[in-house]
file model.csv (CSV, N, CA and C atoms)
chain,number,residue,atom,x,y,z
A,1,MET,N,80.0,68.9,121.3
A,1,MET,CA,80.9,68.8,120.1
A,1,MET,C,82.3,69.2,120.5
A,2,GLU,N,83.3,68.4,120.2
A,2,GLU,CA,84.7,68.7,120.6
A,2,GLU,C,85.3,69.7,119.6
A,3,ILE,N,86.0,70.7,120.2
A,3,ILE,CA,86.7,71.6,119.3
A,3,ILE,C,88.1,71.2,119.1
A,4,SER,N,88.5,71.1,117.9
A,4,SER,CA,89.9,70.6,117.6
A,4,SER,C,90.9,71.7,118.0
A,5,GLU,N,92.2,71.3,118.0
A,5,GLU,CA,93.3,72.2,118.4
A,5,GLU,C,93.4,73.3,117.4
A,6,TRP,N,93.2,73.0,116.0
A,6,TRP,CA,93.4,74.1,115.1
A,6,TRP,C,92.2,75.1,115.2
A,7,GLU,N,91.0,74.7,115.6
A,7,GLU,CA,90.0,75.6,115.9
A,7,GLU,C,90.2,76.5,117.1
A,8,ARG,N,90.8,75.9,118.1
A,8,ARG,CA,91.2,76.7,119.3
A,8,ARG,C,92.2,77.7,118.9
A,9,ASP,N,93.2,77.3,118.2
A,9,ASP,CA,94.3,78.2,117.8
A,9,ASP,C,93.8,79.3,116.9
A,10,LEU,N,92.8,79.0,116.0
A,10,LEU,CA,92.2,79.9,115.1
A,10,LEU,C,91.5,81.0,115.9
A,11,GLU,N,90.6,80.5,116.8
A,11,GLU,CA,89.8,81.5,117.6
A,11,GLU,C,90.7,82.4,118.5
A,12,ARG,N,91.8,81.8,119.0
A,12,ARG,CA,92.8,82.6,119.8
A,12,ARG,C,93.4,83.7,118.9
A,13,GLU,N,93.8,83.3,117.7
A,13,GLU,CA,94.5,84.3,116.8
A,13,GLU,C,93.5,85.3,116.4
A,14,ARG,N,92.2,85.0,116.1
A,14,ARG,CA,91.2,85.9,115.8
A,14,ARG,C,91.0,86.9,116.9
A,15,GLY,N,91.0,86.4,118.2
A,15,GLY,CA,90.9,87.3,119.3
A,15,GLY,C,92.0,88.3,119.4
A,16,ARG,N,93.3,87.8,119.2
A,16,ARG,CA,94.4,88.7,119.2
A,16,ARG,C,94.3,89.8,118.1
A,17,LYS,N,93.9,89.4,117.0
A,17,LYS,CA,93.8,90.3,115.9
A,17,LYS,C,92.7,91.4,116.2
A,18,GLY,N,91.6,91.0,116.7
A,18,GLY,CA,90.5,91.9,117.1
A,18,GLY,C,91.0,92.9,118.2
A,19,ALA,N,91.7,92.4,119.1
A,19,ALA,CA,92.2,93.3,120.2
A,19,ALA,C,93.2,94.3,119.6
A,20,PHE,N,94.1,93.9,118.7
A,20,PHE,CA,95.0,94.8,118.0
A,20,PHE,C,94.3,95.9,117.3
A,21,PHE,N,93.3,95.5,116.5
A,21,PHE,CA,92.5,96.4,115.7
A,21,PHE,C,91.7,97.4,116.6
A,22,ALA,N,91.3,96.9,117.8
A,22,ALA,CA,90.5,97.8,118.6
A,22,ALA,C,91.3,98.7,119.5
A,23,GLN,N,92.6,98.4,119.8
A,23,GLN,CA,93.3,99.1,120.8
A,23,GLN,C,94.7,99.6,120.4
A,24,HIS,N,95.3,99.0,119.5
A,24,HIS,CA,96.7,99.3,119.2
A,24,HIS,C,96.9,100.6,118.4
A,25,TRP,N,97.9,101.4,118.7
A,25,TRP,CA,98.1,102.7,118.0
A,25,TRP,C,98.3,102.5,116.5
A,26,GLN,N,98.8,101.3,116.1
A,26,GLN,CA,99.0,101.0,114.6
A,26,GLN,C,97.9,100.3,114.0
A,27,SER,N,96.7,100.3,114.6
A,27,SER,CA,95.5,99.6,114.1
A,27,SER,C,95.2,100.2,112.7
A,28,LEU,N,94.6,99.4,111.9
A,28,LEU,CA,94.2,99.9,110.6
A,28,LEU,C,92.8,100.5,110.6
A,29,ILE,N,92.1,100.4,111.8
A,29,ILE,CA,90.8,101.0,112.0
A,29,ILE,C,91.1,102.5,112.3
A,30,PRO,N,90.5,103.4,111.6
A,30,PRO,CA,90.7,104.8,112.0
A,30,PRO,C,90.4,105.1,113.4
A,31,PRO,N,91.2,106.0,114.1
A,31,PRO,CA,91.0,106.3,115.5
A,31,PRO,C,89.6,106.7,115.9
A,32,GLN,N,88.9,107.5,115.0
A,32,GLN,CA,87.6,107.9,115.3
A,32,GLN,C,86.6,106.8,115.3
A,33,ASP,N,86.9,105.7,114.6
A,33,ASP,CA,86.0,104.6,114.5
A,33,ASP,C,86.2,103.5,115.5
A,34,ARG,N,87.3,103.6,116.2
A,34,ARG,CA,87.6,102.5,117.2
A,34,ARG,C,86.6,102.4,118.4
A,35,PRO,N,86.1,103.5,118.9
A,35,PRO,CA,85.1,103.3,120.0
A,35,PRO,C,83.9,102.5,119.6
A,36,ARG,N,83.5,102.6,118.3
A,36,ARG,CA,82.4,101.8,117.8
A,36,ARG,C,82.7,100.4,117.3
A,37,PHE,N,84.0,100.1,117.2
A,37,PHE,CA,84.5,98.9,116.6
A,37,PHE,C,84.1,97.7,117.6
A,38,LYS,N,83.4,96.8,117.0
A,38,LYS,CA,82.9,95.6,117.9
A,38,LYS,C,83.7,94.3,117.5
A,39,GLY,N,84.7,94.4,116.7
A,39,GLY,CA,85.4,93.2,116.3
A,39,GLY,C,85.2,92.9,114.8
A,40,LEU,N,85.9,92.0,114.3
A,40,LEU,CA,85.8,91.6,112.9
A,40,LEU,C,84.8,90.4,112.8
A,41,GLU,N,84.2,90.3,111.7
A,41,GLU,CA,83.3,89.2,111.5
A,41,GLU,C,84.0,88.1,110.7
A,42,TYR,N,83.8,86.8,111.1
A,42,TYR,CA,84.4,85.7,110.5
A,42,TYR,C,83.4,84.6,110.1
A,43,TYR,N,83.7,83.9,109.1
A,43,TYR,CA,83.0,82.7,108.8
A,43,TYR,C,83.3,81.6,109.9
A,44,PRO,N,82.4,80.7,110.2
A,44,PRO,CA,82.7,79.7,111.2
A,44,PRO,C,83.8,78.8,110.6
A,45,PRO,N,84.7,78.3,111.6
A,45,PRO,CA,85.8,77.4,111.1
A,45,PRO,C,85.2,76.2,110.5
A,46,HIS,N,85.8,75.7,109.4
A,46,HIS,CA,85.3,74.5,108.7
A,46,HIS,C,86.5,73.7,108.3
A,47,PRO,N,86.6,72.4,108.7
A,47,PRO,CA,87.8,71.6,108.4
A,47,PRO,C,88.2,71.5,107.0
A,48,SER,N,87.3,71.7,106.0
A,48,SER,CA,87.7,71.6,104.6
A,48,SER,C,88.6,72.8,104.2
A,49,TYR,N,88.5,73.9,105.0
A,49,TYR,CA,89.4,75.1,104.7
A,49,TYR,C,90.6,75.1,105.6
A,50,SER,N,90.9,74.1,106.3
A,50,SER,CA,92.1,74.0,107.2
A,50,SER,C,93.2,73.4,106.4
A,51,PHE,N,94.0,74.3,105.8
A,51,PHE,CA,95.2,73.8,105.1
A,51,PHE,C,96.2,74.9,105.0
A,52,GLU,N,97.4,74.6,104.7
A,52,GLU,CA,98.5,75.6,104.5
A,52,GLU,C,98.9,75.4,103.0
A,53,PRO,N,98.5,76.4,102.2
A,53,PRO,CA,98.9,76.3,100.8
A,53,PRO,C,100.4,76.4,100.6
A,54,GLU,N,100.8,75.7,99.5
A,54,GLU,CA,102.2,75.7,99.2
A,54,GLU,C,102.5,77.0,98.4
A,55,LEU,N,103.6,77.6,98.8
A,55,LEU,CA,104.1,78.8,98.0
A,55,LEU,C,105.1,78.4,97.0
A,56,HIS,N,104.8,78.7,95.7
A,56,HIS,CA,105.7,78.3,94.6
A,56,HIS,C,106.3,79.5,94.0
A,57,GLU,N,107.6,79.6,94.1
A,57,GLU,CA,108.3,80.8,93.6
A,57,GLU,C,108.3,80.7,92.0
A,58,HIS,N,108.0,81.8,91.4
A,58,HIS,CA,108.1,81.8,89.9
A,58,HIS,C,109.6,81.7,89.5
A,59,PRO,N,109.9,80.8,88.5
A,59,PRO,CA,111.3,80.7,88.1
A,59,PRO,C,111.8,82.0,87.5
A,60,GLU,N,110.9,82.7,86.7
A,60,GLU,CA,111.3,84.0,86.1
A,60,GLU,C,110.3,85.1,86.7
A,61,LYS,N,110.9,86.1,87.4
A,61,LYS,CA,110.1,87.1,88.0
A,61,LYS,C,109.7,88.1,86.9
A,62,GLN,N,108.4,88.5,86.9
A,62,GLN,CA,108.0,89.5,86.0
A,62,GLN,C,107.4,90.7,86.7
A,63,VAL,N,107.4,91.9,86.2
A,63,VAL,CA,106.8,93.1,86.8
A,63,VAL,C,105.5,93.2,86.2
A,64,ALA,N,104.5,93.5,87.0
A,64,ALA,CA,103.1,93.7,86.5
A,64,ALA,C,102.6,95.0,87.2
A,65,GLY,N,102.0,95.8,86.4
A,65,GLY,CA,101.4,97.1,86.9
A,65,GLY,C,100.0,96.7,87.4
A,66,MET,N,99.7,97.2,88.6
A,66,MET,CA,98.4,97.0,89.2
A,66,MET,C,97.7,98.3,89.5
A,67,ALA,N,96.4,98.4,89.0
A,67,ALA,CA,95.7,99.6,89.3
A,67,ALA,C,95.2,99.6,90.8
A,68,TYR,N,95.1,100.8,91.4
A,68,TYR,CA,94.7,100.9,92.8
A,68,TYR,C,93.3,101.5,92.9
A,69,THR,N,92.7,101.3,94.0
A,69,THR,CA,91.3,101.8,94.3
A,69,THR,C,91.2,103.3,94.2
A,70,LYS,N,92.3,104.0,94.4
A,70,LYS,CA,92.2,105.5,94.4
A,70,LYS,C,92.8,106.1,93.1
A,71,GLY,N,92.9,105.2,92.0
A,71,GLY,CA,93.2,105.7,90.7
A,71,GLY,C,94.7,105.6,90.3
A,72,ASN,N,95.6,105.4,91.2
A,72,ASN,CA,97.0,105.4,90.8
A,72,ASN,C,97.4,103.9,90.4
A,73,GLU,N,98.6,103.7,89.9
A,73,GLU,CA,99.0,102.4,89.5
A,73,GLU,C,100.5,102.2,90.1
A,74,GLN,N,100.8,101.0,90.4
A,74,GLN,CA,102.1,100.7,90.9
A,74,GLN,C,102.6,99.4,90.3
A,75,ASP,N,103.9,99.3,90.1
A,75,ASP,CA,104.4,98.0,89.6
A,75,ASP,C,104.7,97.1,90.8
A,76,PHE,N,104.4,95.8,90.6
A,76,PHE,CA,104.7,94.8,91.6
A,76,PHE,C,105.5,93.7,90.9
A,77,LEU,N,106.3,93.1,91.7
A,77,LEU,CA,107.1,91.9,91.2
A,77,LEU,C,106.2,90.7,91.5
A,78,ARG,N,105.9,89.9,90.4
A,78,ARG,CA,105.2,88.6,90.5
A,78,ARG,C,106.3,87.6,91.0
A,79,TRP,N,106.4,87.4,92.3
A,79,TRP,CA,107.4,86.6,92.8
A,79,TRP,C,107.0,85.2,93.1
A,80,ALA,N,105.8,84.9,93.5
A,80,ALA,CA,105.3,83.6,93.9
A,80,ALA,C,103.8,83.5,93.9
A,81,GLU,N,103.3,82.3,93.9
A,81,GLU,CA,101.9,82.1,94.0
A,81,GLU,C,101.6,80.9,95.0
A,82,PHE,N,100.4,81.0,95.6
A,82,PHE,CA,99.9,79.9,96.4
A,82,PHE,C,99.1,79.0,95.6
A,83,ARG,N,99.4,77.7,95.8
A,83,ARG,CA,98.6,76.6,95.1
A,83,ARG,C,97.9,75.7,96.1
A,84,PHE,N,96.6,75.4,95.8
A,84,PHE,CA,95.8,74.6,96.8
A,84,PHE,C,94.6,74.1,96.0
A,85,LYS,N,93.9,73.2,96.7
A,85,LYS,CA,92.7,72.6,96.2
A,85,LYS,C,91.5,73.0,97.1
A,86,ILE,N,90.4,73.4,96.4
A,86,ILE,CA,89.2,73.6,97.1
A,86,ILE,C,88.1,72.8,96.3
A,87,GLY,N,87.3,72.0,97.0
A,87,GLY,CA,86.3,71.2,96.4
A,87,GLY,C,86.9,70.3,95.3
A,88,GLY,N,88.1,69.8,95.5
A,88,GLY,CA,88.7,69.0,94.6
A,88,GLY,C,89.3,69.6,93.3
A,89,GLU,N,89.2,71.0,93.2
A,89,GLU,CA,89.7,71.7,92.1
A,89,GLU,C,91.0,72.5,92.4
A,90,GLU,N,92.0,72.4,91.5
A,90,GLU,CA,93.2,73.1,91.7
A,90,GLU,C,93.0,74.6,91.6
A,91,GLN,N,93.6,75.4,92.5
A,91,GLN,CA,93.5,76.8,92.5
A,91,GLN,C,94.9,77.4,92.7
A,92,ALA,N,95.1,78.6,92.2
A,92,ALA,CA,96.3,79.4,92.4
A,92,ALA,C,96.0,80.8,92.5
A,93,ILE,N,96.7,81.5,93.4
A,93,ILE,CA,96.6,82.9,93.6
A,93,ILE,C,97.9,83.6,93.8
A,94,GLU,N,98.1,84.8,93.3
A,94,GLU,CA,99.4,85.5,93.5
A,94,GLU,C,99.4,85.9,95.0
A,95,ALA,N,100.6,86.0,95.6
A,95,ALA,CA,100.7,86.4,97.0
A,95,ALA,C,100.7,87.9,97.1
A,96,TYR,N,99.7,88.5,97.9
A,96,TYR,CA,99.7,89.9,98.5
A,96,TYR,C,98.7,90.0,99.5
A,97,ASN,N,98.7,91.1,100.3
A,97,ASN,CA,97.7,91.2,101.4
A,97,ASN,C,97.3,92.7,101.5
A,98,PRO,N,96.1,93.1,101.0
A,98,PRO,CA,95.7,94.5,101.1
A,98,PRO,C,95.2,95.0,102.4
A,99,TRP,N,95.4,96.2,102.8
A,99,TRP,CA,95.0,96.8,104.0
A,99,TRP,C,93.8,97.8,103.8
A,100,CYS,N,93.5,98.1,102.6
A,100,CYS,CA,92.6,99.2,102.3
A,100,CYS,C,91.1,98.9,102.8
A,101,VAL,N,90.8,97.6,103.0
A,101,VAL,CA,89.4,97.3,103.4
A,101,VAL,C,89.1,97.9,104.8
A,102,TYR,N,90.1,98.2,105.6
A,102,TYR,CA,89.9,98.7,107.0
A,102,TYR,C,89.8,100.2,107.1
A,103,SER,N,90.3,100.9,106.1
A,103,SER,CA,90.4,102.4,106.3
A,103,SER,C,90.5,103.0,104.9
A,104,GLU,N,89.8,104.1,104.7
A,104,GLU,CA,90.0,104.8,103.4
A,104,GLU,C,91.3,105.5,103.3
A,105,ALA,N,92.1,105.6,104.4
A,105,ALA,CA,93.4,106.1,104.4
A,105,ALA,C,94.4,105.3,103.6
A,106,HIS,N,94.1,104.0,103.4
A,106,HIS,CA,94.9,103.1,102.7
A,106,HIS,C,94.3,102.8,101.3
A,107,THR,N,95.2,102.6,100.3
A,107,THR,CA,94.7,102.2,99.0
A,107,THR,C,95.1,100.7,98.8
A,108,CYS,N,94.3,100.1,97.9
A,108,CYS,CA,94.6,98.7,97.6
A,108,CYS,C,94.7,98.5,96.1
A,109,PRO,N,95.5,97.5,95.6
A,109,PRO,CA,95.5,97.2,94.2
A,109,PRO,C,94.2,96.4,94.0
A,110,PHE,N,93.7,96.6,92.7
A,110,PHE,CA,92.5,95.7,92.4
A,110,PHE,C,93.0,94.3,92.3
A,111,VAL,N,92.2,93.4,92.6
A,111,VAL,CA,92.6,92.0,92.6
A,111,VAL,C,92.9,91.6,91.1
A,112,PRO,N,94.2,91.1,90.9
A,112,PRO,CA,94.5,90.7,89.6
A,112,PRO,C,93.7,89.5,89.1
A,113,ILE,N,93.4,89.4,87.8
A,113,ILE,CA,92.6,88.4,87.3
A,113,ILE,C,93.0,87.0,87.6
A,114,GLU,N,94.3,86.8,87.8
A,114,GLU,CA,94.9,85.5,88.2
A,114,GLU,C,94.4,85.1,89.6
A,115,ASN,N,93.9,86.0,90.4
A,115,ASN,CA,93.4,85.7,91.7
A,115,ASN,C,91.9,85.6,91.8
A,116,TRP,N,91.2,85.6,90.6
A,116,TRP,CA,89.8,85.4,90.6
A,116,TRP,C,89.5,83.9,90.6
A,117,LEU,N,88.9,83.4,91.7
A,117,LEU,CA,88.6,82.0,91.8
A,117,LEU,C,87.1,81.7,91.3
A,118,GLU,N,86.9,80.6,90.8
A,118,GLU,CA,85.6,80.2,90.3
A,118,GLU,C,84.8,79.4,91.4
A,119,VAL,N,85.3,79.3,92.6
A,119,VAL,CA,84.7,78.7,93.7
A,119,VAL,C,84.5,79.6,94.8
A,120,PRO,N,83.4,79.6,95.5
A,120,PRO,CA,83.2,80.5,96.7
A,120,PRO,C,84.1,80.0,97.8
A,121,ILE,N,84.7,81.0,98.5
A,121,ILE,CA,85.5,80.7,99.7
A,121,ILE,C,84.8,81.3,100.9
A,122,LEU,N,84.0,80.5,101.6
A,122,LEU,CA,83.3,81.0,102.8
A,122,LEU,C,84.1,80.7,104.0
A,123,ALA,N,85.3,81.2,104.1
A,123,ALA,CA,86.2,81.0,105.2
A,123,ALA,C,86.9,82.3,105.5
A,124,GLY,N,87.4,82.3,106.8
A,124,GLY,CA,88.3,83.4,107.2
A,124,GLY,C,87.5,84.7,107.5
A,125,GLU,N,88.1,85.8,107.3
A,125,GLU,CA,87.5,87.1,107.7
A,125,GLU,C,86.5,87.5,106.6
A,126,GLU,N,85.3,88.0,107.0
A,126,GLU,CA,84.3,88.5,106.1
A,126,GLU,C,84.7,89.9,105.7
A,127,ASN,N,84.1,90.4,104.6
A,127,ASN,CA,84.4,91.8,104.2
A,127,ASN,C,84.1,92.7,105.4
A,128,TYR,N,84.9,93.8,105.5
A,128,TYR,CA,84.7,94.8,106.6
A,128,TYR,C,84.1,96.0,106.0
A,129,PRO,N,83.1,96.6,106.6
A,129,PRO,CA,82.3,96.0,107.6
A,129,PRO,C,81.4,95.0,106.9
A,130,SER,N,81.2,93.9,107.5
A,130,SER,CA,80.4,92.8,106.9
A,130,SER,C,78.9,93.0,107.1
A,131,LYS,N,78.4,92.4,108.1
A,131,LYS,CA,76.9,92.3,108.3
A,131,LYS,C,76.4,93.6,109.0
A,132,ARG,N,77.3,94.4,109.5
A,132,ARG,CA,76.9,95.6,110.2
A,132,ARG,C,76.1,96.5,109.2
A,133,GLY,N,75.0,97.0,109.6
A,133,GLY,CA,74.2,97.9,108.8
A,133,GLY,C,73.3,97.3,107.7
A,134,ARG,N,73.4,95.9,107.6
A,134,ARG,CA,72.5,95.3,106.7
A,134,ARG,C,71.2,95.0,107.3
A,135,ALA,N,70.1,95.1,106.5
A,135,ALA,CA,68.8,94.8,107.0
A,135,ALA,C,68.5,93.3,107.1
call {"tool": "encode", "arguments": {"input": "model.csv", "output": "structure tokens"}}
result
Amino acid sequence: MEISEWERDLERERGRKGAFFAQHWQSLIPPQDRPRFKGLEYYPPHPSYSFEPELHEHPEKQVAGMAYTKGNEQDFLRWAEFRFKIGGEEQAIEAYNPWCVYSEAHTCPFVPIENWLEVPILAGEENYPSKRGRA
């Protein structure tokens, strides 16, 4: 089976990210956990998930308060959203990227309801830690 260029690029980028998390002083993996860190788990590449969503800037910016995993709240500017199709259905999510999944030292906003999708997305990075420790 021939591997496409985007799959090669994807695997190379995943390797770089794993090396950064395992070794870099700015890694999101806590220093005490790095010796046991075996890399991130990913879903296999699939062509139907290979796309670059369009970023659509909101004409009027609004401030929205978002609750965090550690109980606090912070205001965020709703600046733009990504729009894309999955399984033939239009989807839209607000743009942000949480770091809290890697370390308890970081907090994350709860996913806003606008980002709840009704279709499963079995692509990209799995939850951390994903399959480790499961029976």
call {"tool": "closest_residue", "arguments": {"input": "model.csv", "among": "A:His46, A:Gly39, A:Glu7, A:Gln74", "to": "A:Phe21", "atoms": "only C-alpha atoms"}}
result
A:Gly39
call {"tool": "closest_residue", "arguments": {"input": "model.csv", "among": "A:Ala19, A:Leu55, A:Cys108, A:Val63", "to": "A:Asp75", "atoms": "only N, CA and C atoms"}}
result
A:Val63
call {"tool": "closest_residue", "arguments": {"input": "model.csv", "among": "A:Ser103, A:Gln23, A:Gln62, A:Ser50", "to": "A:Phe76", "atoms": "only N, CA and C atoms"}}
result
A:Gln62
call {"tool": "select_by_dssp", "arguments": {"input": "model.csv", "residues": "stretch 3-131 of chain A", "states": "strand (DSSP E or B)", "output": "JSON, numbers by chain"}}
result
{"A": [42, 54, 55, 56, 57, 58, 59, 60, 61, 62, 63, 64, 65, 66, 67, 68, 73, 74, 75, 76, 77, 78, 79, 80, 81, 82, 83, 84, 85, 86, 89, 90, 91, 92, 93, 94, 109, 125]}
call {"tool": "closest_residue", "arguments": {"input": "model.csv", "among": "A:Glu125, A:Glu118, A:Asp9, A:Glu54", "to": "A:Ala95", "atoms": "only C-alpha atoms"}}
result
A:Glu54
call {"tool": "atom_distance", "arguments": {"input": "model.csv", "atom1": "atom C of A:Leu122", "atom2": "atom N of A:Ser27"}}
result
25.6 Å
call {"tool": "residues_around", "arguments": {"input": "model.csv", "residues": "A:Ala80", "least_positions_apart": "2", "cutoff": "9 Å", "atoms": "only C-alpha atoms", "output": "ChimeraX atom specification"}}
result
/A:55-59,61,77-78,82,93-95
call {"tool": "select_by_dssp", "arguments": {"input": "model.csv", "residues": "chain A", "states": "helix (DSSP H, G or I)", "output": "number ranges by chain"}}
result
A: 5-23, 31-36, 47-49, 113-115
call {"tool": "atom_distance", "arguments": {"input": "model.csv", "atom1": "atom N of A:Glu41", "atom2": "atom C of A:Glu5"}}
result
20.2 Å
call {"tool": "closest_residue", "arguments": {"input": "model.csv", "among": "A:Tyr96, A:Tyr49, A:Phe84, A:Phe110", "to": "A:Ala67", "atoms": "only C-alpha atoms"}}
result
A:Phe110
call {"tool": "atom_distance", "arguments": {"input": "model.csv", "atom1": "atom N of A:Leu40", "atom2": "atom CA of A:Gly18"}}
result
5.4 Å
call {"tool": "closest_residue", "arguments": {"input": "model.csv", "among": "A:Pro109, A:Pro44, A:Pro53, A:Gly87", "to": "A:Asn72", "atoms": "all atoms listed in the file"}}
result
A:Pro109
